[in-house]
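What's in model_15.txt: compact mmCIF, C-alpha atoms
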```txt
# COMPACT_ATOMS: atom_id res chain seq x y z
CA MET C 29 61.40 -168.02 -61.17
CA GLY C 30 58.43 -168.55 -63.49
CA ARG C 31 56.05 -171.25 -62.28
CA SER C 32 53.01 -173.18 -63.49
CA ASN C 33 49.81 -171.49 -62.38
CA ASP C 34 48.36 -174.83 -61.23
CA LEU C 35 51.22 -176.43 -59.29
CA ALA C 36 52.44 -174.75 -56.12
CA VAL C 37 55.67 -176.76 -56.01
CA PRO C 38 56.55 -178.03 -59.51
CA PRO C 39 58.35 -181.39 -59.79
CA GLY C 40 62.08 -180.95 -59.19
CA ALA C 41 61.72 -177.54 -57.50
CA ASP C 42 63.68 -176.78 -54.33
CA ALA C 43 60.86 -176.29 -51.80
CA GLU C 44 63.06 -174.45 -49.27
CA GLN C 45 64.39 -172.02 -51.87
CA LEU C 46 60.86 -171.48 -53.19
CA ALA C 47 59.58 -170.78 -49.67
CA ARG C 48 62.28 -168.13 -49.12
CA TYR C 49 61.40 -166.42 -52.40
CA LEU C 50 57.69 -166.46 -51.57
CA ALA C 51 58.32 -165.06 -48.10
CA ARG C 52 60.15 -162.09 -49.65
CA ALA C 53 57.38 -161.63 -52.24
CA HIS C 54 54.77 -161.79 -49.47
CA ASP C 55 56.57 -159.16 -47.36
CA ALA C 56 56.96 -156.88 -50.38
CA PHE C 57 53.27 -157.18 -51.30
CA VAL C 58 52.09 -156.51 -47.74
CA SER C 59 54.32 -153.43 -47.40
CA THR C 60 53.97 -151.94 -50.89
CA GLY C 61 50.95 -153.58 -52.51
CA LEU C 62 53.13 -154.54 -55.47
CA ALA C 63 53.35 -158.18 -56.56
CA ASP C 64 56.47 -159.88 -57.89
CA PRO C 65 55.93 -160.66 -61.61
CA ALA C 66 57.03 -164.25 -61.01
CA LEU C 67 54.24 -164.83 -58.48
CA ARG C 68 51.54 -167.19 -59.73
CA THR C 69 48.63 -165.23 -61.22
CA LEU C 70 46.22 -167.38 -59.22
CA VAL C 71 47.91 -166.27 -55.99
CA HIS C 72 48.25 -162.61 -56.95
CA ASP C 73 44.56 -162.39 -57.93
CA SER C 74 43.52 -164.06 -54.69
CA TRP C 75 45.67 -161.67 -52.63
CA GLN C 76 43.98 -158.74 -54.35
CA ARG C 77 40.49 -160.16 -53.72
CA SER C 78 41.37 -160.82 -50.08
CA LEU C 79 42.65 -157.29 -49.51
CA ALA C 80 39.60 -155.82 -51.23
CA GLY C 81 37.44 -157.90 -48.88
CA GLY C 82 39.07 -156.38 -45.83
CA ILE C 83 41.57 -159.09 -44.87
CA ASP C 84 44.46 -157.76 -42.74
CA PRO C 85 47.51 -159.88 -43.65
CA GLU C 86 49.05 -159.40 -40.21
CA PHE C 87 46.10 -159.91 -37.89
CA SER C 88 43.05 -161.45 -39.61
CA LEU C 89 41.77 -164.82 -38.41
CA ALA C 90 39.04 -166.94 -40.01
CA SER C 91 35.67 -166.24 -38.40
CA ILE C 92 34.03 -168.98 -36.33
CA VAL C 93 30.43 -168.76 -37.52
CA LEU C 94 28.77 -172.01 -36.40
CA ASP C 95 28.21 -173.06 -32.80
CA ASP C 96 28.07 -176.78 -31.94
CA GLU C 97 24.29 -177.01 -32.28
CA ARG C 98 24.16 -175.32 -35.68
CA LEU C 99 27.18 -177.30 -36.89
CA ALA C 100 25.52 -180.60 -35.94
CA GLU C 101 22.32 -179.55 -37.72
CA ILE C 102 24.14 -178.64 -40.95
CA ARG C 103 26.25 -181.81 -40.87
CA ALA C 104 23.16 -183.98 -40.49
CA ALA C 105 21.42 -182.35 -43.45
CA HIS C 106 24.44 -181.97 -45.74
CA PRO C 107 24.61 -184.25 -48.81
CA LEU C 108 28.33 -184.89 -48.19
CA ALA C 109 27.62 -186.58 -44.85
CA ILE C 110 26.97 -189.92 -46.58
CA ALA C 111 30.34 -189.69 -48.35
CA MET C 112 32.42 -189.14 -45.19
CA PRO C 113 33.17 -192.90 -44.82
CA VAL C 114 34.76 -192.82 -48.30
CA ILE C 115 36.82 -189.74 -47.44
CA ARG C 116 37.99 -191.31 -44.18
CA GLU C 117 39.00 -194.54 -45.88
CA LEU C 118 40.77 -192.99 -48.87
CA LEU C 119 42.33 -189.88 -47.34
CA VAL C 120 41.90 -189.33 -43.60
CA GLU C 121 43.61 -192.52 -42.45
CA SER C 122 46.76 -191.93 -44.52
CA ALA C 123 46.72 -188.20 -43.70
CA ALA C 124 46.67 -188.93 -39.98
CA GLU C 125 49.64 -191.27 -40.34
CA ALA C 126 51.55 -188.61 -42.30
CA GLY C 127 50.73 -185.89 -39.77
CA HIS C 128 48.26 -184.01 -41.97
CA LEU C 129 44.65 -182.85 -41.76
CA VAL C 130 41.64 -183.40 -44.01
CA ALA C 131 38.86 -180.81 -44.07
CA VAL C 132 35.47 -180.76 -45.80
CA SER C 133 33.60 -177.49 -46.26
CA ASP C 134 30.15 -176.60 -47.54
CA ALA C 135 29.51 -174.54 -50.66
CA VAL C 136 30.19 -171.20 -48.95
CA GLY C 137 33.43 -172.21 -47.24
CA GLN C 138 32.25 -173.19 -43.75
CA LEU C 139 34.33 -176.11 -42.46
CA LEU C 140 32.04 -178.98 -41.47
CA TRP C 141 34.60 -181.70 -40.75
CA VAL C 142 38.32 -181.43 -39.85
CA GLU C 143 39.98 -184.79 -39.18
CA GLY C 144 43.45 -186.36 -39.18
CA SER C 145 46.50 -185.90 -36.99
CA HIS C 146 45.46 -185.20 -33.39
CA ASP C 147 48.57 -183.09 -32.68
CA LEU C 148 48.12 -181.06 -35.87
CA ARG C 149 44.45 -180.45 -35.12
CA ALA C 150 45.41 -178.86 -31.80
CA ARG C 151 47.92 -176.58 -33.55
CA ALA C 152 45.49 -175.73 -36.37
CA GLU C 153 42.87 -174.55 -33.90
CA GLY C 154 45.20 -171.65 -33.10
CA MET C 155 44.54 -170.24 -36.56
CA HIS C 156 40.80 -171.16 -36.35
CA PHE C 157 41.15 -174.10 -38.75
CA LEU C 158 38.40 -176.09 -37.07
CA PRO C 159 34.80 -177.19 -37.69
CA GLY C 160 32.41 -174.24 -37.69
CA ALA C 161 34.97 -171.74 -39.05
CA ASP C 162 34.52 -169.85 -42.31
CA TRP C 163 37.49 -170.44 -44.63
CA SER C 164 36.16 -168.61 -47.65
CA GLU C 165 38.59 -166.00 -49.00
CA ALA C 166 36.37 -163.27 -47.58
CA SER C 167 36.94 -164.59 -44.07
CA ALA C 168 40.41 -166.19 -44.13
CA GLY C 169 42.18 -164.69 -47.12
CA THR C 170 44.03 -166.77 -49.71
CA ASN C 171 43.84 -170.49 -48.84
CA ALA C 172 43.27 -173.66 -50.83
CA PRO C 173 39.67 -174.42 -49.73
CA GLY C 174 38.50 -170.82 -50.08
CA THR C 175 40.31 -170.16 -53.34
CA ALA C 176 39.18 -173.52 -54.83
CA LEU C 177 35.64 -172.44 -54.00
CA ALA C 178 36.15 -168.97 -55.50
CA LEU C 179 37.52 -170.42 -58.76
CA ASP C 180 35.57 -173.71 -58.81
CA LYS C 181 38.75 -175.63 -59.60
CA PRO C 182 41.47 -177.59 -57.75
CA VAL C 183 43.97 -175.30 -56.02
CA GLN C 184 47.27 -175.64 -54.14
CA ILE C 185 48.62 -172.97 -51.81
CA PHE C 186 52.20 -173.32 -50.59
CA GLY C 187 53.34 -171.68 -47.33
CA PRO C 188 53.82 -167.92 -47.87
CA GLU C 189 51.31 -167.95 -50.75
CA HIS C 190 48.73 -167.61 -47.97
CA LEU C 191 48.00 -163.94 -47.42
CA SER C 192 47.35 -164.08 -43.67
CA ARG C 193 50.64 -164.23 -41.80
CA ASN C 194 49.44 -166.80 -39.26
CA VAL C 195 48.69 -169.31 -42.03
CA THR C 196 52.01 -169.03 -43.93
CA PRO C 197 53.65 -171.99 -42.10
CA TRP C 198 51.01 -174.29 -43.62
CA SER C 199 50.40 -175.69 -47.10
CA CYS C 200 47.24 -177.15 -48.61
CA SER C 201 45.68 -178.82 -51.65
CA ALA C 202 41.93 -178.63 -52.26
CA ALA C 203 39.31 -179.42 -54.90
CA PRO C 204 35.57 -178.69 -55.19
CA ILE C 205 33.02 -181.50 -54.92
CA HIS C 206 30.08 -181.33 -57.32
CA ASP C 207 26.64 -182.89 -57.21
CA PRO C 208 26.73 -185.72 -59.81
CA ASP C 209 23.17 -184.97 -60.97
CA THR C 210 22.98 -181.19 -61.02
CA GLY C 211 26.62 -180.09 -61.16
CA ALA C 212 26.11 -177.77 -58.19
CA VAL C 213 29.10 -177.18 -55.91
CA LEU C 214 28.45 -179.08 -52.67
CA GLY C 215 31.67 -178.17 -50.90
CA VAL C 216 35.44 -178.53 -50.97
CA LEU C 217 37.80 -181.34 -49.93
CA ASP C 218 41.11 -180.09 -48.51
CA LEU C 219 44.40 -181.65 -47.41
CA THR C 220 46.40 -179.40 -45.06
CA GLY C 221 49.81 -179.82 -43.45
CA THR C 222 53.48 -179.43 -44.30
CA ALA C 223 55.06 -178.59 -47.66
CA GLU C 224 54.43 -182.21 -48.72
CA VAL C 225 50.75 -181.48 -49.33
CA ALA C 226 51.62 -178.89 -52.00
CA THR C 227 53.14 -181.50 -54.34
CA VAL C 228 51.55 -182.79 -57.52
CA GLN C 229 51.06 -186.21 -55.89
CA SER C 230 49.00 -184.71 -53.06
CA LEU C 231 46.76 -182.78 -55.43
CA SER C 232 46.25 -185.94 -57.50
CA LEU C 233 45.23 -187.80 -54.33
CA VAL C 234 42.73 -185.09 -53.41
CA ARG C 235 41.25 -185.08 -56.92
CA ALA C 236 40.99 -188.88 -56.94
CA THR C 237 39.19 -188.80 -53.60
CA VAL C 238 36.77 -186.16 -54.93
CA ALA C 239 36.04 -188.41 -57.93
CA ALA C 240 35.36 -191.31 -55.54
CA VAL C 241 33.05 -189.11 -53.44
CA GLU C 242 31.05 -188.01 -56.47
CA ALA C 243 30.82 -191.65 -57.61
CA GLU C 244 29.63 -192.65 -54.12
CA LEU C 245 26.91 -189.99 -54.21
CA ARG C 246 25.74 -191.37 -57.55
CA ILE C 247 25.79 -194.97 -56.26
CA GLN C 248 23.88 -194.05 -53.11
CA ARG C 249 21.12 -192.56 -55.23
CA LEU C 250 20.93 -195.60 -57.48
CA SER C 251 21.12 -198.21 -54.72
CA PRO C 252 18.18 -199.47 -52.67
CA PRO C 253 18.02 -197.88 -49.22
CA ALA C 254 19.63 -199.73 -46.35
CA PRO C 255 17.30 -201.72 -44.07
CA SER C 256 15.63 -199.52 -41.50
CA ALA C 257 12.51 -199.52 -39.37
CA SER C 258 9.79 -201.82 -40.63
CA VAL C 259 6.33 -200.66 -41.67
CA SER C 260 3.46 -201.79 -39.42
CA GLY C 261 5.78 -204.39 -37.86
CA ALA C 262 5.79 -206.40 -41.10
CA GLY C 263 9.59 -206.63 -41.21
CA TRP C 264 10.06 -204.92 -44.58
CA THR C 265 11.25 -201.43 -45.37
CA MET C 266 9.00 -198.84 -46.92
CA PRO C 267 9.14 -198.82 -50.73
CA THR C 268 10.24 -195.53 -52.29
CA LEU C 269 9.40 -193.70 -55.50
CA GLU C 270 11.78 -191.07 -56.89
CA VAL C 271 10.49 -188.68 -59.55
CA LEU C 272 12.55 -185.49 -59.12
CA GLY C 273 14.61 -184.37 -62.11
CA THR C 274 14.22 -187.64 -64.01
CA ARG C 275 12.49 -188.69 -67.25
CA GLY C 276 11.01 -191.74 -65.56
CA ALA C 277 10.56 -192.76 -61.94
CA THR C 278 12.80 -195.08 -59.96
CA PHE C 279 10.94 -197.53 -57.73
CA ARG C 280 12.78 -199.34 -54.94
CA HIS C 281 11.48 -202.13 -52.75
CA GLY C 282 13.74 -204.39 -50.75
CA SER C 283 16.79 -205.09 -52.90
CA THR C 284 14.86 -204.52 -56.15
CA LEU C 285 15.18 -201.36 -58.24
CA SER C 286 12.87 -200.71 -61.20
CA ARG C 287 12.90 -197.98 -63.84
CA LEU C 288 9.40 -196.99 -64.91
CA GLY C 289 8.22 -195.57 -68.18
CA LEU C 290 6.68 -192.11 -68.20
CA ARG C 291 3.00 -193.20 -68.10
CA HIS C 292 3.59 -195.66 -65.25
CA SER C 293 5.64 -193.00 -63.45
CA GLU C 294 2.75 -190.53 -63.72
CA LEU C 295 0.19 -193.08 -62.55
CA PHE C 296 2.24 -194.29 -59.60
CA LEU C 297 3.04 -190.74 -58.47
CA LEU C 298 -0.61 -189.67 -58.58
CA LEU C 299 -1.58 -192.74 -56.56
CA THR C 300 0.94 -191.80 -53.84
CA GLU C 301 -0.44 -188.25 -53.77
CA ARG C 302 -4.09 -189.18 -53.12
CA LEU C 303 -4.38 -191.88 -50.48
CA GLU C 304 -8.19 -192.01 -50.77
CA GLY C 305 -7.75 -193.10 -54.39
CA TRP C 306 -8.94 -192.20 -57.88
CA ARG C 307 -11.83 -193.26 -60.05
CA ALA C 308 -10.92 -194.28 -63.59
CA GLY C 309 -12.52 -191.16 -65.03
CA GLU C 310 -10.63 -188.91 -62.61
CA LEU C 311 -7.32 -190.51 -63.55
CA ALA C 312 -8.13 -190.07 -67.23
CA VAL C 313 -8.61 -186.31 -66.72
CA ALA C 314 -5.53 -186.08 -64.50
CA LEU C 315 -3.34 -187.76 -67.10
CA SER C 316 -4.49 -186.07 -70.29
CA ASP C 317 -6.46 -183.14 -71.65
CA ASP C 318 -7.82 -185.56 -74.24
CA GLU C 319 -10.57 -187.94 -73.24
CA GLN C 320 -9.30 -191.41 -72.46
CA ALA C 321 -11.68 -194.36 -72.22
CA ASP C 322 -11.94 -196.03 -68.82
CA VAL C 323 -10.78 -199.25 -70.47
CA THR C 324 -7.47 -197.55 -71.38
CA ILE C 325 -6.89 -196.53 -67.76
CA ARG C 326 -7.75 -200.05 -66.58
CA ALA C 327 -5.20 -201.50 -68.99
CA GLU C 328 -2.48 -199.13 -67.76
CA ILE C 329 -3.30 -199.95 -64.14
CA SER C 330 -3.12 -203.66 -64.90
CA ARG C 331 0.34 -203.28 -66.43
CA LEU C 332 1.49 -201.11 -63.51
CA ARG C 333 0.52 -203.85 -61.02
CA GLY C 334 3.18 -206.04 -62.60
CA VAL C 335 6.03 -203.82 -61.32
CA LEU C 336 4.73 -202.91 -57.88
CA GLY C 337 6.22 -205.88 -56.03
CA PRO C 338 4.91 -205.90 -52.43
CA VAL C 339 2.74 -202.84 -52.98
CA GLU C 340 -0.91 -203.74 -53.46
CA LEU C 341 -2.97 -201.63 -55.85
CA ALA C 342 -6.62 -201.85 -54.84
CA SER C 343 -9.60 -201.03 -57.07
CA ARG C 344 -12.85 -199.04 -56.85
CA PRO C 345 -11.31 -196.56 -56.41
CA TYR C 346 -7.73 -197.21 -57.52
CA ARG C 347 -5.52 -196.71 -54.48
CA LEU C 348 -2.34 -198.00 -52.83
CA ALA C 349 -2.96 -200.37 -49.94
CA ASN C 350 0.62 -199.92 -48.62
CA ALA C 351 2.65 -196.87 -47.65
CA VAL C 352 5.12 -195.65 -50.30
CA ALA C 353 7.67 -192.93 -49.54
CA THR C 354 8.42 -190.38 -52.28
CA ASP C 355 11.15 -187.82 -52.77
CA VAL C 356 8.40 -185.26 -53.38
CA ALA C 357 6.99 -185.83 -49.90
CA ALA C 358 10.49 -185.75 -48.39
CA VAL C 359 11.16 -182.29 -49.85
CA ARG C 360 7.80 -181.04 -48.60
CA ASP C 361 8.47 -182.44 -45.11
CA ASP C 362 11.91 -180.81 -44.94
CA LEU C 363 10.49 -177.46 -46.02
CA SER C 364 7.73 -177.70 -43.43
CA ALA C 365 10.29 -178.52 -40.73
CA GLY C 366 12.52 -175.62 -41.76
CA HIS C 367 15.32 -177.90 -42.99
CA LEU C 368 16.02 -175.77 -46.04
CA ARG C 369 19.47 -177.12 -46.93
CA ARG C 370 18.26 -180.71 -46.75
CA ALA C 371 15.25 -179.86 -48.92
CA VAL C 372 17.42 -178.20 -51.55
CA ALA C 373 19.86 -181.12 -51.54
CA ALA C 374 16.96 -183.55 -52.06
CA TYR C 375 15.38 -181.41 -54.79
CA ARG C 376 17.32 -182.77 -57.76
CA GLY C 377 15.01 -181.15 -60.29
CA PRO C 378 11.34 -180.60 -61.15
CA VAL C 379 8.86 -183.47 -60.89
CA LEU C 380 8.97 -185.66 -64.04
CA PRO C 381 10.04 -182.71 -66.22
CA GLU C 382 8.94 -184.36 -69.49
CA SER C 383 5.40 -185.09 -68.31
CA THR C 384 2.52 -183.10 -69.77
CA ALA C 385 -0.14 -184.79 -67.65
CA PRO C 386 -2.23 -181.92 -66.17
CA ALA C 387 -2.14 -183.23 -62.59
CA VAL C 388 1.63 -183.84 -62.75
CA VAL C 389 2.24 -180.38 -64.21
CA GLU C 390 0.22 -178.87 -61.36
CA LEU C 391 2.20 -180.87 -58.79
CA ARG C 392 5.50 -179.98 -60.45
CA ASP C 393 4.73 -176.26 -60.52
CA ALA C 394 3.51 -176.22 -56.92
CA LEU C 395 6.61 -177.96 -55.51
CA HIS C 396 9.02 -175.85 -57.56
CA LEU C 397 7.26 -172.67 -56.44
CA ARG C 398 7.41 -173.77 -52.82
CA VAL C 399 11.15 -174.49 -52.97
CA ARG C 400 11.82 -171.16 -54.71
CA SER C 401 9.64 -169.21 -52.28
CA SER C 402 11.43 -170.73 -49.29
CA LEU C 403 14.80 -169.81 -50.76
CA LEU C 404 13.75 -166.29 -51.70
CA ALA C 405 12.64 -165.75 -48.10
CA SER C 406 15.96 -167.07 -46.76
CA ASP C 407 19.41 -165.51 -46.31
CA ASP C 408 21.18 -168.91 -46.41
CA ALA C 409 23.69 -168.28 -49.20
CA ASP C 410 24.80 -171.92 -49.33
CA ALA C 411 21.26 -173.18 -49.94
CA ILE C 412 20.47 -170.39 -52.43
CA LEU C 413 23.60 -171.01 -54.49
CA THR C 414 23.12 -174.79 -54.35
CA PHE C 415 19.78 -174.24 -56.10
CA ALA C 416 21.01 -171.48 -58.42
CA ASP C 417 23.96 -173.54 -59.67
CA THR C 418 21.70 -176.28 -61.06
CA ALA C 419 20.15 -176.69 -64.50
CA HIS C 420 16.74 -175.76 -63.03
CA GLY C 421 18.15 -172.67 -61.31
CA ARG C 422 20.77 -171.39 -63.75
CA ASP C 423 18.35 -169.13 -65.65
CA ASP C 424 16.32 -168.06 -62.60
CA PHE C 425 16.99 -164.31 -62.63
CA GLU C 426 15.14 -163.62 -59.38
CA MET C 427 17.09 -166.33 -57.55
CA TRP C 428 20.47 -165.05 -58.77
CA GLU C 429 19.46 -161.49 -57.84
CA HIS C 430 18.61 -162.73 -54.36
CA ALA C 431 21.96 -164.52 -54.14
CA LEU C 432 23.65 -161.22 -54.98
CA ASP C 433 21.66 -159.49 -52.24
CA VAL C 434 22.62 -161.95 -49.48
CA LEU C 435 26.30 -162.34 -50.45
CA PRO C 436 28.72 -159.80 -48.99
CA VAL C 437 30.71 -157.87 -51.59
CA SER C 438 33.82 -159.55 -50.21
CA SER C 439 32.46 -163.05 -50.91
CA PRO C 440 34.66 -165.14 -53.23
CA ARG C 441 31.61 -165.78 -55.41
CA TYR C 442 30.28 -162.22 -55.50
CA ALA C 443 31.94 -161.26 -58.80
CA GLN C 444 30.80 -164.47 -60.51
CA VAL C 445 27.22 -164.04 -59.27
CA GLU C 446 27.22 -160.36 -60.29
CA THR C 447 28.41 -161.29 -63.81
CA HIS C 448 25.74 -163.98 -64.13
CA VAL C 449 23.00 -161.57 -63.00
CA ALA C 450 24.14 -159.04 -65.62
CA ARG C 451 24.12 -161.77 -68.30
CA LEU C 452 20.58 -162.85 -67.37
CA ASP C 453 19.45 -159.21 -67.28
CA ASP C 454 20.79 -158.64 -70.80
CA ALA C 455 19.04 -161.79 -72.05
CA LEU C 456 15.74 -160.65 -70.58
CA SER C 457 15.92 -157.06 -71.82
```

Since I need it in another form, could you write the structure as structure tokens?
Amino acid sequence: MGRSNDLAVPPGADAEQLARYLARAHDAFVSTGLADPALRTLVHDSWQRSLAGGIDPEFSLASIVLDDERLAEIRAAHPLAIAMPVIRELLVESAAEAGHLVAVSDAVGQLLWVEGSHDLRARAEGMHFLPGADWSEASAGTNAPGTALALDKPVQIFGPEHLSRNVTPWSCSAAPIHDPDTGAVLGVLDLTGTAEVATVQSLSLVRATVAAVEAELRIQRLSPPAPSASVSGAGWTMPTLEVLGTRGATFRHGSTLSRLGLRHSELFLLLTERLEGWRAGELAVALSDDEQADVTIRAEISRLRGVLGPVELASRPYRLANAVATDVAAVRDDLSAGHLRRAVAAYRGPVLPESTAPAVVELRDALHLRVRSSLLASDDADAILTFADTAHGRDDFEMWEHALDVLPVSSPRYAQVETHVARLDDALS
């Protein structure tokens, strides 16, 4: 009974016969520790990891780790919150009609949303499949969301392929969701229900929904913000400047979006950072180690005025007459308020990474250090790994070491983090 490692129920397979075979293989593994050679390697490896992590196949239940207050706080700050309307439209509505559930977890396997069939939700709560529960392999044993997170790939688990006995009546298809800018794992999208959700069609639907979610995240970042509270009662929304992880800034005002060149990006950012303004000579020093004539600064300022829309740039000293929100200030505010996950989600990379302007370099280094310091003082594995998985965190040895310290040995990501730490250690030695 050889099977594809990716598909739980291959096209044309007899699902009932397959379930009987898997039930026998499951019983044999639980009683003897020996796996049937025909069992999918993906499942066998996950069973072994789960047992090594302390999962009892007969009695273990997923841990409920978030109370209602903490759950609401994480949901509000999580980057996937803005994509939930897409998930509901593409997957939840049809899942509810079919009698299935849709779950969305964070990057460490904590379920943040579980929606779909009302009757099935009530039944699923009996096995702790509910918001606030930890469905990583270390907590719940082999399951599609936890195993997809452990492997960072789409996964199907069919009935008795679950290690925990109380989950074997269920089947599930899941796929990781990645940040479109950094590639970091944001969470997992899961479809849970009857044997129907372990078919190739169900996995394709989950993967298509994940692609739509990642596209929505990208669109949200490129689109002007929705109308909100006006500034000083003037009836217009606050303009925004985004400079994190990008070669040039993005400036949004109203329905207009502008891409700025590097010099204008540097100038505009420095103006938002010092509300009292800059003299031409001060800006010249802030922008370059080489002396720049005041006339050169005045020319750059004049050209910048042409793209500022409703934002007035006053002179003597050069300063912004209107409020402008920046992603730099947003990260700082979240860190100050203790909203670490939201700060990490908003920190899409260092400030204008290609800039060599002395004042921008100083700002870039200070913000990066503050984000890192906050993470190194935290035991929030989700936030730490969200940072570590990015291009600006992938070679950060101290951050990966800290991730290894806060992760339990039974974590589905422990082995991967341990391997990466060893690789970085070898490169540094």

Provide the atom CA of Leu217 of chain C to atom CA of Val120 of chain C distance in Å, to one decimal place.
11.0 Å

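A straight line drawn from atom CA of Arg52 of chain C to atom CA of Ser439 of chain C is 27.7 Å long.
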
State, in Å with one decimal place, the distance from atom CA of Ala327 of chain C to atom CA of Leu295 of chain C.
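One can read the atom CA of Ala327 of chain C to atom CA of Leu295 of chain C distance as 11.9 Å.
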
Just want the 7 Å neighbourhood of Ala135 of chain C, counted on all atoms listed in the file, with same-chain residues fewer than 4 positions away dropped. Output as a PyMOL selection string.
chain C and resi 213-215+410

Give one line per residue of segment 192-291 of chain C that approaches segment 69-89 of chain C to at most 8 Å, naming the two atoms of the closest pair and their distance in Å to one decimal, counting all atoms listed in the file; sort by chain then ascending residue number and deliver it as a Markdown table.
```
| residue | atom | partner | partner_atom | distance |
| --- | --- | --- | --- | --- |
| C:Ser192 | CA | C:Pro85 | CA | 4.2 |
| C:Arg193 | CA | C:Glu86 | CA | 5.3 |
| C:Asn194 | CA | C:Glu86 | CA | 7.5 |
```

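Once segment 351-365 of chain C and its same-chain neighbours fewer than 5 positions away are set aside, C:Val259, C:Met266, C:Pro267, C:Thr268, C:Leu269, C:Glu270, C:Val271, C:Leu272, C:Leu297, C:Thr300, C:Glu301, C:Val339, C:Arg370, C:Ala371, C:Val372, C:Ala373, C:Ala374, C:Tyr375, C:Val379, C:Leu395, C:Arg398, C:Val399, C:Ser402 remain within 9 Å of it when counting all atoms listed in the file.
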
Using all atoms listed in the file, determine which residues lie at most 9 Å from Leu99 of chain C, disregarding the query and same-chain residues fewer than 5 positions distant; provide the list as a list in words.
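Near neighbours after the sequence-gap exclusion: Leu94, Ala104, Leu140, Pro159 and Gly160 of chain C.
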
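With all atoms listed in the file taken into account, the protein and nucleic acid residues at most 10 Å from Ala131 of chain C (excluding it and anything under 2 positions from it in its own chain) are Ile115, Val120, Leu129, Ser133, Leu139, Leu140, Trp141, Val142, Glu143, Gly144, Phe157, Leu158, Pro159, Pro173, Ala202, Val216, Leu217, Asp218, Leu219 and Thr220 of chain C.
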
If you count all atoms listed in the file, which residues fall within 12 Å of segment 416-419 of chain C, apart from same-chain ones fewer than 3 positions away, as a count of residues only?
44

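Take the candidates C:Glu244, C:Asp34, C:Glu165, C:Asp55 and check each one against Val136 of chain C using all atoms listed in the file; the shortest distance goes to C:Glu165.
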